[in-house]
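Let me begin by presenting the structure, written as structure tokens, before commenting on it.
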Amino acid sequence: MYLQRRNRITRRSGAIRSLLAETLLTPNDFILPLFITEGQDIIEEIPSMKGYYRRSLNKTIEDVKQMWTLGIKAVLLFVKASDEVKDNTGKEAWNPDGLMQRSVKAIKDAVPEMVVMTDVALDPYSIYGHDGIVDIEKGTIINDQTVEALTLMSLSHAAAGADFIAPSDMMDGRIGAFRKALEENGFTDTGIMSYSAKYASCFYGPFRDALDSAPGFGDKKTYQMNYANRLEAINETLQDVEQGADIVMVKPAMAYLDIIREIKNSVTVPVSAYHVSGEYAMIKAAAEKGWLDENKAILESLTSIKRAGADLIATYFAVDAAKLLNN
Ligand code: PBG
């Protein structure tokens, strides 16, 4: 054959492939989610997230110090609230001495440069496991009242020293409300990473085990988005940017690579993607069975999310990937 173009020339050796790689993953791309629980010296494995743990604050701090040395620059905090503090107002969410607020302060004290991001939603504090306040008679989630509660929650995270608040609730109008409240209260350094395109997904199952936060009735389909849709992802994201979001997010990641690309092409703020608990669990389970090479699956998955357009990736594999990339 006399071929004008031989595509295999640029794949011939490892060195050539390295020279021509378009997408390079680094530990700077990662946000490490952390599950924090009350108590001392606690490290509990989450049954549906093998190799992932819930830790008490003292153990979390040891962990964060180590993560910093591996090159992890950001952590995203989630707390497991005890049953006694759960109600339908979510008021524990803005308790200045609550577990989240104490955790933010302690982590910033221990590793001041670590970028601390906090989840903003009522589900860990809700007796109904919903992200907002429930109208008990109608069985619905009340939007505007929830935004008021979440605004108090955001302010308390900012007061504790959070670098970014990360609202995952999907109520309408929350980004504008938070930005206004942050401005009015002098929190001009606090960023907002909005979960702007968050889908109602079955892939959050293991996370709800981790925080004991599964919805007590119904599902989250009246606030999280329908996975059949892409236009509303663009609409919501553009609205969040206009309302003041510093970073936007697509969640989950691997079943939504098209949405990540679409959002990346539609906005000029950084885009993050959340490689969620169920996506972690799938790789872990297949690797445990010997059906997938875990390390290769991690790097291929995370690279594909970055290639799709994610500037940042929240992933439970952040530490494993950082170690693989550092070697
Ligand atoms: C809570 C929240 C959820 C996740 C992040 N924040 C669960 C949910 O919406 O039910 C999921 C994260 C994951 O699955 O890894 N608002």
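Identifiers in the structure tokens: chain A, B, ... in order shown; residue index from 1 per chain; ligand index from 1 in order shown.
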
Would you list, as a PyMOL selection string, the residues of stretch 188-313 of chain A that end up in alpha helix (DSSP H) under DSSP run on this structure's backbone?
chain A and resi 205-211+231-242+257-266+277-288+294-308

Output C-alpha atoms of each residue in that selection to a file, as a compact mmCIF listing (two decimals), in the first residue's frame.
# COMPACT_ATOMS: atom_id res chain seq x y z
CA GLY A 205 -26.56 5.25 46.66
CA PRO A 206 -23.28 4.45 48.47
CA PHE A 207 -22.90 8.10 49.56
CA ARG A 208 -26.28 7.96 51.26
CA ASP A 209 -25.04 4.88 53.16
CA ALA A 210 -21.96 6.83 54.20
CA LEU A 211 -24.01 9.68 55.70
CA LEU A 231 -30.78 21.73 27.80
CA GLU A 232 -31.77 22.30 31.41
CA ALA A 233 -28.16 21.60 32.41
CA ILE A 234 -27.06 24.50 30.23
CA ASN A 235 -29.87 26.77 31.44
CA GLU A 236 -29.22 26.12 35.11
CA THR A 237 -25.49 26.50 34.73
CA LEU A 238 -25.76 29.81 32.87
CA GLN A 239 -28.13 31.06 35.58
CA ASP A 240 -25.72 30.04 38.32
CA VAL A 241 -22.85 31.85 36.62
CA GLU A 242 -24.98 34.96 36.26
CA LEU A 257 -19.36 13.28 29.81
CA ASP A 258 -21.45 14.86 27.06
CA ILE A 259 -22.88 17.33 29.57
CA ILE A 260 -19.41 18.18 30.90
CA ARG A 261 -18.27 19.01 27.36
CA GLU A 262 -21.41 20.99 26.65
CA ILE A 263 -21.01 23.05 29.83
CA LYS A 264 -17.30 23.55 29.18
CA ASN A 265 -18.19 25.01 25.78
CA SER A 266 -20.94 27.21 27.24
CA SER A 277 -19.83 7.24 45.08
CA GLY A 278 -21.57 4.74 42.78
CA GLU A 279 -18.95 5.30 40.11
CA TYR A 280 -16.29 4.57 42.73
CA ALA A 281 -18.15 1.48 43.94
CA MET A 282 -18.46 0.03 40.43
CA ILE A 283 -14.72 0.13 39.82
CA LYS A 284 -13.99 -1.23 43.30
CA ALA A 285 -16.45 -4.10 42.94
CA ALA A 286 -15.21 -5.13 39.50
CA ALA A 287 -11.58 -4.90 40.64
CA GLU A 288 -12.33 -7.04 43.68
CA GLU A 294 -8.20 -1.06 39.35
CA ASN A 295 -5.30 1.34 38.79
CA LYS A 296 -5.79 1.41 35.05
CA ALA A 297 -9.52 1.90 35.47
CA ILE A 298 -8.90 4.84 37.83
CA LEU A 299 -6.53 6.66 35.48
CA GLU A 300 -8.61 6.01 32.38
CA SER A 301 -11.81 7.16 34.09
CA LEU A 302 -10.32 10.35 35.50
CA THR A 303 -8.51 11.19 32.28
CA SER A 304 -11.73 10.79 30.31
CA ILE A 305 -13.51 13.19 32.69
CA LYS A 306 -10.75 15.75 32.23
CA ARG A 307 -10.72 15.22 28.46
CA ALA A 308 -14.48 15.85 28.43

Neighbourhood of ligand 1 at 6 Å, counting only C-alpha atoms and all ligand atoms, reported as JSON, numbers by chain:
{"A": [121, 123, 131, 168, 169, 203, 204, 207, 276, 277]}

Pick out the residues sitting within 12 Å of A:Asn327, and hand them over as a ChimeraX atom specification; count only C-alpha atoms, and ignore anything fewer than 3 positions along from it in its own chain.
/A:26-27,70,320-324

Name the residues in contact with A:Leu99 at a cut-off of 10 Å, using only C-alpha atoms, excluding same-chain residues fewer than 2 positions from it; report them as a PDB file with N, CA and C atoms, in the first residue's frame.
ATOM      1  N   ILE A  36     -16.969  13.029  57.663  1.00  0.00           N
ATOM      2  CA  ILE A  36     -16.554  13.246  59.054  1.00  0.00           C
ATOM      3  C   ILE A  36     -17.698  12.872  59.994  1.00  0.00           C
ATOM      4  N   THR A  37     -17.336  12.174  61.067  1.00  0.00           N
ATOM      5  CA  THR A  37     -18.352  11.751  62.031  1.00  0.00           C
ATOM      6  C   THR A  37     -17.955  12.225  63.432  1.00  0.00           C
ATOM      7  N   GLU A  38     -18.928  12.308  64.347  1.00  0.00           N
ATOM      8  CA  GLU A  38     -18.637  12.721  65.726  1.00  0.00           C
ATOM      9  C   GLU A  38     -17.773  11.663  66.409  1.00  0.00           C
ATOM     10  N   SER A  56     -13.506  10.336  62.484  1.00  0.00           N
ATOM     11  CA  SER A  56     -13.751  11.433  63.425  1.00  0.00           C
ATOM     12  C   SER A  56     -12.809  12.575  63.061  1.00  0.00           C
ATOM     13  N   LEU A  57     -13.073  13.744  63.629  1.00  0.00           N
ATOM     14  CA  LEU A  57     -12.308  14.931  63.228  1.00  0.00           C
ATOM     15  C   LEU A  57     -10.812  14.775  63.499  1.00  0.00           C
ATOM     16  N   PHE A  78     -18.105  16.597  54.109  1.00  0.00           N
ATOM     17  CA  PHE A  78     -19.469  16.133  54.392  1.00  0.00           C
ATOM     18  C   PHE A  78     -19.476  15.629  55.826  1.00  0.00           C
ATOM     19  N   VAL A  79     -20.523  15.915  56.558  1.00  0.00           N
ATOM     20  CA  VAL A  79     -20.572  15.404  57.927  1.00  0.00           C
ATOM     21  C   VAL A  79     -21.759  14.468  58.104  1.00  0.00           C
ATOM     22  N   LYS A  80     -21.554  13.491  58.990  1.00  0.00           N
ATOM     23  CA  LYS A  80     -22.638  12.587  59.359  1.00  0.00           C
ATOM     24  C   LYS A  80     -23.199  13.103  60.676  1.00  0.00           C
ATOM     25  N   ALA A  81     -24.370  13.695  60.595  1.00  0.00           N
ATOM     26  CA  ALA A  81     -24.982  14.260  61.799  1.00  0.00           C
ATOM     27  C   ALA A  81     -25.642  13.127  62.597  1.00  0.00           C
ATOM     28  N   SER A  82     -25.621  13.266  63.934  1.00  0.00           N
ATOM     29  CA  SER A  82     -26.266  12.222  64.728  1.00  0.00           C
ATOM     30  C   SER A  82     -27.782  12.426  64.704  1.00  0.00           C
ATOM     31  N   GLU A  92     -29.521  22.480  62.745  1.00  0.00           N
ATOM     32  CA  GLU A  92     -28.150  22.090  63.123  1.00  0.00           C
ATOM     33  C   GLU A  92     -27.140  22.492  62.037  1.00  0.00           C
ATOM     34  N   ALA A  93     -27.647  22.658  60.816  1.00  0.00           N
ATOM     35  CA  ALA A  93     -26.766  22.978  59.681  1.00  0.00           C
ATOM     36  C   ALA A  93     -26.047  24.307  59.854  1.00  0.00           C
ATOM     37  N   ASN A  95     -25.457  25.640  63.054  1.00  0.00           N
ATOM     38  CA  ASN A  95     -24.958  25.728  64.423  1.00  0.00           C
ATOM     39  C   ASN A  95     -23.468  26.098  64.357  1.00  0.00           C
ATOM     40  N   PRO A  96     -23.088  27.256  64.942  1.00  0.00           N
ATOM     41  CA  PRO A  96     -21.680  27.670  64.830  1.00  0.00           C
ATOM     42  C   PRO A  96     -20.716  26.662  65.455  1.00  0.00           C
ATOM     43  N   ASP A  97     -21.235  25.827  66.381  1.00  0.00           N
ATOM     44  CA  ASP A  97     -20.382  24.798  66.986  1.00  0.00           C
ATOM     45  C   ASP A  97     -20.680  23.409  66.429  1.00  0.00           C
ATOM     46  N   GLN A 101     -18.786  23.077  61.128  1.00  0.00           N
ATOM     47  CA  GLN A 101     -18.108  24.342  61.439  1.00  0.00           C
ATOM     48  C   GLN A 101     -16.808  24.080  62.208  1.00  0.00           C
ATOM     49  N   ARG A 102     -16.865  23.137  63.159  1.00  0.00           N
ATOM     50  CA  ARG A 102     -15.638  22.787  63.902  1.00  0.00           C
ATOM     51  C   ARG A 102     -14.593  22.171  62.970  1.00  0.00           C
ATOM     52  N   SER A 103     -15.079  21.372  62.024  1.00  0.00           N
ATOM     53  CA  SER A 103     -14.149  20.682  61.115  1.00  0.00           C
ATOM     54  C   SER A 103     -13.429  21.678  60.212  1.00  0.00           C
ATOM     55  N   VAL A 104     -14.189  22.639  59.692  1.00  0.00           N
ATOM     56  CA  VAL A 104     -13.568  23.634  58.805  1.00  0.00           C
ATOM     57  C   VAL A 104     -12.452  24.355  59.555  1.00  0.00           C
TER      58      VAL A 104
END

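One distance worth recording is that between atom CA of A:Met117 and atom CA of A:Met254, which is 22.2 Å.
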
If we count only C-alpha atoms, what is near A:Trp94 at a cut-off of 10 Å, once residues fewer than 5 positions away on the same chain are taken out, given as a tab-separated table (two decimals) with N, CA and C atoms, in the first residue's frame?
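Writing the result to selection32.tsv gives the following:
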chain	number	residue	atom	x	y	z
A	100	MET	N	-19.60	20.38	61.22
A	100	MET	CA	-19.03	20.97	60.00
A	100	MET	C	-18.20	22.21	60.32
A	101	GLN	N	-18.79	23.08	61.13
A	101	GLN	CA	-18.11	24.34	61.44
A	101	GLN	C	-16.81	24.08	62.21
A	149	ALA	N	-32.87	28.85	54.73
A	149	ALA	CA	-32.10	28.01	55.66
A	149	ALA	C	-30.69	27.79	55.13
A	150	LEU	N	-30.58	27.52	53.84
A	150	LEU	CA	-29.27	27.25	53.25
A	150	LEU	C	-28.38	28.49	53.26
A	151	THR	N	-29.01	29.66	53.21
A	151	THR	CA	-28.23	30.90	53.29
A	151	THR	C	-27.58	31.01	54.66
A	152	LEU	N	-28.33	30.68	55.71
A	152	LEU	CA	-27.75	30.69	57.07
A	152	LEU	C	-26.62	29.67	57.16
A	153	MET	N	-26.86	28.51	56.55
A	153	MET	CA	-25.84	27.45	56.55
A	153	MET	C	-24.56	27.95	55.86
A	154	SER	N	-24.74	28.58	54.71
A	154	SER	CA	-23.58	29.09	53.95
A	154	SER	C	-22.80	30.12	54.75
A	155	LEU	N	-23.54	31.03	55.39
A	155	LEU	CA	-22.86	32.06	56.18
A	155	LEU	C	-22.07	31.43	57.33
A	156	SER	N	-22.62	30.39	57.92
A	156	SER	CA	-21.90	29.77	59.04
A	156	SER	C	-20.64	29.05	58.55
A	157	HIS	N	-20.69	28.51	57.34
A	157	HIS	CA	-19.48	27.87	56.78
A	157	HIS	C	-18.43	28.94	56.46

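As for atom CA of A:Pro270 and atom CA of A:Lys65, they are spaced 26.2 Å apart.
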
If you take only C-alpha atoms and a cut-off of 6 Å, which residues of stretch 188-280 of chain A touch stretch 311-315 of chain A, and what are their nearest atom pairs and distances in Å to one decimal, in chain and number order, as a tab-separated table?
residue	atom	partner	partner_atom	distance
A:Val271	CA	A:Asp311	CA	5.4
A:Ser272	CA	A:Leu312	CA	4.4
A:Ala273	CA	A:Ile313	CA	5.0
A:Tyr274	CA	A:Ala314	CA	4.7
A:His275	CA	A:Thr315	CA	5.1

Can you list, as JSON, numbers by chain, every protein, DNA or RNA residue that comes within 8 Å of stretch 223-226 of chain A when you count only C-alpha atoms, leaving out same-chain residues fewer than 3 positions away?
{"A": [169, 170, 171, 197, 198, 199, 200, 220, 229, 232, 233]}

DSSP strand (DSSP E) selection over stretch 14-126 of chain A, as number ranges by chain
A: 30-37, 43-46, 49-56, 74-80, 115-120

Would you save the residues from that selection as an mmCIF file, in the first residue's frame, using N, CA and C atoms?
data_model
loop_
_atom_site.group_PDB
_atom_site.id
_atom_site.type_symbol
_atom_site.label_atom_id
_atom_site.label_comp_id
_atom_site.auth_asym_id
_atom_site.auth_seq_id
_atom_site.Cartn_x
_atom_site.Cartn_y
_atom_site.Cartn_z
ATOM 1 N N PHE A 30 -7.601 17.459 41.441
ATOM 2 C CA PHE A 30 -8.501 16.691 42.292
ATOM 3 C C PHE A 30 -9.054 17.458 43.492
ATOM 4 N N ILE A 31 -10.280 17.103 43.821
ATOM 5 C CA ILE A 31 -10.903 17.522 45.083
ATOM 6 C C ILE A 31 -11.223 16.223 45.816
ATOM 7 N N LEU A 32 -10.755 16.115 47.044
ATOM 8 C CA LEU A 32 -10.972 14.879 47.803
ATOM 9 C C LEU A 32 -12.175 15.034 48.741
ATOM 10 N N PRO A 33 -13.238 14.260 48.534
ATOM 11 C CA PRO A 33 -14.372 14.322 49.467
ATOM 12 C C PRO A 33 -14.010 13.616 50.780
ATOM 13 N N LEU A 34 -14.432 14.181 51.896
ATOM 14 C CA LEU A 34 -14.158 13.562 53.202
ATOM 15 C C LEU A 34 -15.452 13.437 53.987
ATOM 16 N N PHE A 35 -15.636 12.276 54.612
ATOM 17 C CA PHE A 35 -16.810 12.039 55.464
ATOM 18 C C PHE A 35 -16.367 12.118 56.913
ATOM 19 N N ILE A 36 -16.969 13.029 57.663
ATOM 20 C CA ILE A 36 -16.554 13.246 59.054
ATOM 21 C C ILE A 36 -17.698 12.872 59.994
ATOM 22 N N THR A 37 -17.336 12.174 61.067
ATOM 23 C CA THR A 37 -18.352 11.751 62.031
ATOM 24 C C THR A 37 -17.955 12.225 63.432
ATOM 25 N N ILE A 43 -12.345 5.392 62.746
ATOM 26 C CA ILE A 43 -12.118 5.175 61.315
ATOM 27 C C ILE A 43 -13.022 4.009 60.925
ATOM 28 N N GLU A 44 -14.120 4.305 60.238
ATOM 29 C CA GLU A 44 -15.089 3.259 59.888
ATOM 30 C C GLU A 44 -15.152 3.112 58.377
ATOM 31 N N GLU A 45 -15.002 1.895 57.905
ATOM 32 C CA GLU A 45 -15.123 1.665 56.463
ATOM 33 C C GLU A 45 -16.594 1.745 56.068
ATOM 34 N N ILE A 46 -16.867 2.340 54.905
ATOM 35 C CA ILE A 46 -18.242 2.410 54.415
ATOM 36 C C ILE A 46 -18.498 1.149 53.592
ATOM 37 N N MET A 49 -18.567 1.305 49.952
ATOM 38 C CA MET A 49 -17.438 2.037 49.346
ATOM 39 C C MET A 49 -16.138 1.457 49.882
ATOM 40 N N LYS A 50 -15.827 0.249 49.446
ATOM 41 C CA LYS A 50 -14.637 -0.451 49.970
ATOM 42 C C LYS A 50 -13.394 0.421 49.878
ATOM 43 N N GLY A 51 -12.628 0.441 50.978
ATOM 44 C CA GLY A 51 -11.407 1.234 50.964
ATOM 45 C C GLY A 51 -11.658 2.715 51.216
ATOM 46 N N TYR A 52 -12.914 3.071 51.549
ATOM 47 C CA TYR A 52 -13.220 4.470 51.860
ATOM 48 C C TYR A 52 -13.818 4.544 53.255
ATOM 49 N N TYR A 53 -13.469 5.606 53.963
ATOM 50 C CA TYR A 53 -13.761 5.630 55.392
ATOM 51 C C TYR A 53 -14.452 6.907 55.842
ATOM 52 N N ARG A 54 -15.205 6.724 56.932
ATOM 53 C CA ARG A 54 -15.721 7.857 57.689
ATOM 54 C C ARG A 54 -14.780 8.002 58.863
ATOM 55 N N ARG A 55 -14.364 9.238 59.156
ATOM 56 C CA ARG A 55 -13.410 9.421 60.252
ATOM 57 C C ARG A 55 -13.911 10.485 61.218
ATOM 58 N N SER A 56 -13.506 10.336 62.484
ATOM 59 C CA SER A 56 -13.751 11.433 63.425
ATOM 60 C C SER A 56 -12.809 12.575 63.061
ATOM 61 N N ALA A 74 -7.307 20.313 47.581
ATOM 62 C CA ALA A 74 -8.670 20.683 47.991
ATOM 63 C C ALA A 74 -9.406 19.501 48.598
ATOM 64 N N VAL A 75 -10.150 19.785 49.658
ATOM 65 C CA VAL A 75 -11.019 18.766 50.251
ATOM 66 C C VAL A 75 -12.456 19.293 50.276
ATOM 67 N N LEU A 76 -13.389 18.386 50.147
ATOM 68 C CA LEU A 76 -14.817 18.738 50.140
ATOM 69 C C LEU A 76 -15.447 17.995 51.316
ATOM 70 N N LEU A 77 -15.951 18.764 52.276
ATOM 71 C CA LEU A 77 -16.369 18.152 53.536
ATOM 72 C C LEU A 77 -17.856 17.797 53.569
ATOM 73 N N PHE A 78 -18.105 16.597 54.109
ATOM 74 C CA PHE A 78 -19.469 16.133 54.392
ATOM 75 C C PHE A 78 -19.476 15.629 55.826
ATOM 76 N N VAL A 79 -20.523 15.915 56.558
ATOM 77 C CA VAL A 79 -20.572 15.404 57.927
ATOM 78 C C VAL A 79 -21.759 14.468 58.104
ATOM 79 N N LYS A 80 -21.554 13.491 58.990
ATOM 80 C CA LYS A 80 -22.638 12.587 59.359
ATOM 81 C C LYS A 80 -23.199 13.103 60.676
ATOM 82 N N VAL A 115 -7.332 23.968 50.435
ATOM 83 C CA VAL A 115 -8.579 24.622 50.041
ATOM 84 C C VAL A 115 -9.740 23.795 50.612
ATOM 85 N N VAL A 116 -10.503 24.417 51.492
ATOM 86 C CA VAL A 116 -11.589 23.697 52.160
ATOM 87 C C VAL A 116 -12.927 24.104 51.544
ATOM 88 N N MET A 117 -13.624 23.082 51.031
ATOM 89 C CA MET A 117 -14.940 23.292 50.419
ATOM 90 C C MET A 117 -15.974 22.559 51.264
ATOM 91 N N THR A 118 -17.162 23.124 51.365
ATOM 92 C CA THR A 118 -18.167 22.504 52.235
ATOM 93 C C THR A 118 -19.464 22.240 51.483
ATOM 94 N N ASP A 119 -20.037 21.068 51.727
ATOM 95 C CA ASP A 119 -21.327 20.752 51.103
ATOM 96 C C ASP A 119 -22.430 21.568 51.768
ATOM 97 N N VAL A 120 -23.252 22.190 50.944
ATOM 98 C CA VAL A 120 -24.393 22.939 51.462
ATOM 99 C C VAL A 120 -25.674 22.300 50.944
#

Tell me which protein, DNA and RNA residues are within 8 Å of A:Gly216, counting only C-alpha atoms, leaving out same-chain ones fewer than 2 positions away, and put them as a ChimeraX atom specification.
/A:127-130,214,218

Just to be explicit: take each residue in the selection above, keep N, CA and C atoms, and write the result as a PDB file, in the first residue's frame.
ATOM      1  N   ILE A 127     -34.667  14.970  59.042  1.00  0.00           N
ATOM      2  CA  ILE A 127     -35.233  13.669  59.440  1.00  0.00           C
ATOM      3  C   ILE A 127     -35.811  12.945  58.232  1.00  0.00           C
ATOM      4  N   TYR A 128     -36.080  13.685  57.172  1.00  0.00           N
ATOM      5  CA  TYR A 128     -36.623  13.046  55.971  1.00  0.00           C
ATOM      6  C   TYR A 128     -35.555  12.727  54.932  1.00  0.00           C
ATOM      7  N   GLY A 129     -34.306  13.060  55.226  1.00  0.00           N
ATOM      8  CA  GLY A 129     -33.236  12.767  54.265  1.00  0.00           C
ATOM      9  C   GLY A 129     -33.359  13.550  52.974  1.00  0.00           C
ATOM     10  N   HIS A 130     -34.109  14.666  53.016  1.00  0.00           N
ATOM     11  CA  HIS A 130     -34.220  15.494  51.817  1.00  0.00           C
ATOM     12  C   HIS A 130     -33.287  16.702  51.925  1.00  0.00           C
ATOM     13  N   ALA A 214     -30.331   8.679  53.167  1.00  0.00           N
ATOM     14  CA  ALA A 214     -31.245   8.325  52.073  1.00  0.00           C
ATOM     15  C   ALA A 214     -32.606   8.964  52.326  1.00  0.00           C
ATOM     16  N   GLY A 218     -40.245   9.090  49.001  1.00  0.00           N
ATOM     17  CA  GLY A 218     -40.101   9.646  47.661  1.00  0.00           C
ATOM     18  C   GLY A 218     -38.661   9.625  47.171  1.00  0.00           C
TER      19      GLY A 218
END

Would you please work out which residue, of A:Thr188, A:Gln243, A:Asp41, A:Pro124, is nearest to A:Pro215 when using only C-alpha atoms?
A:Pro124
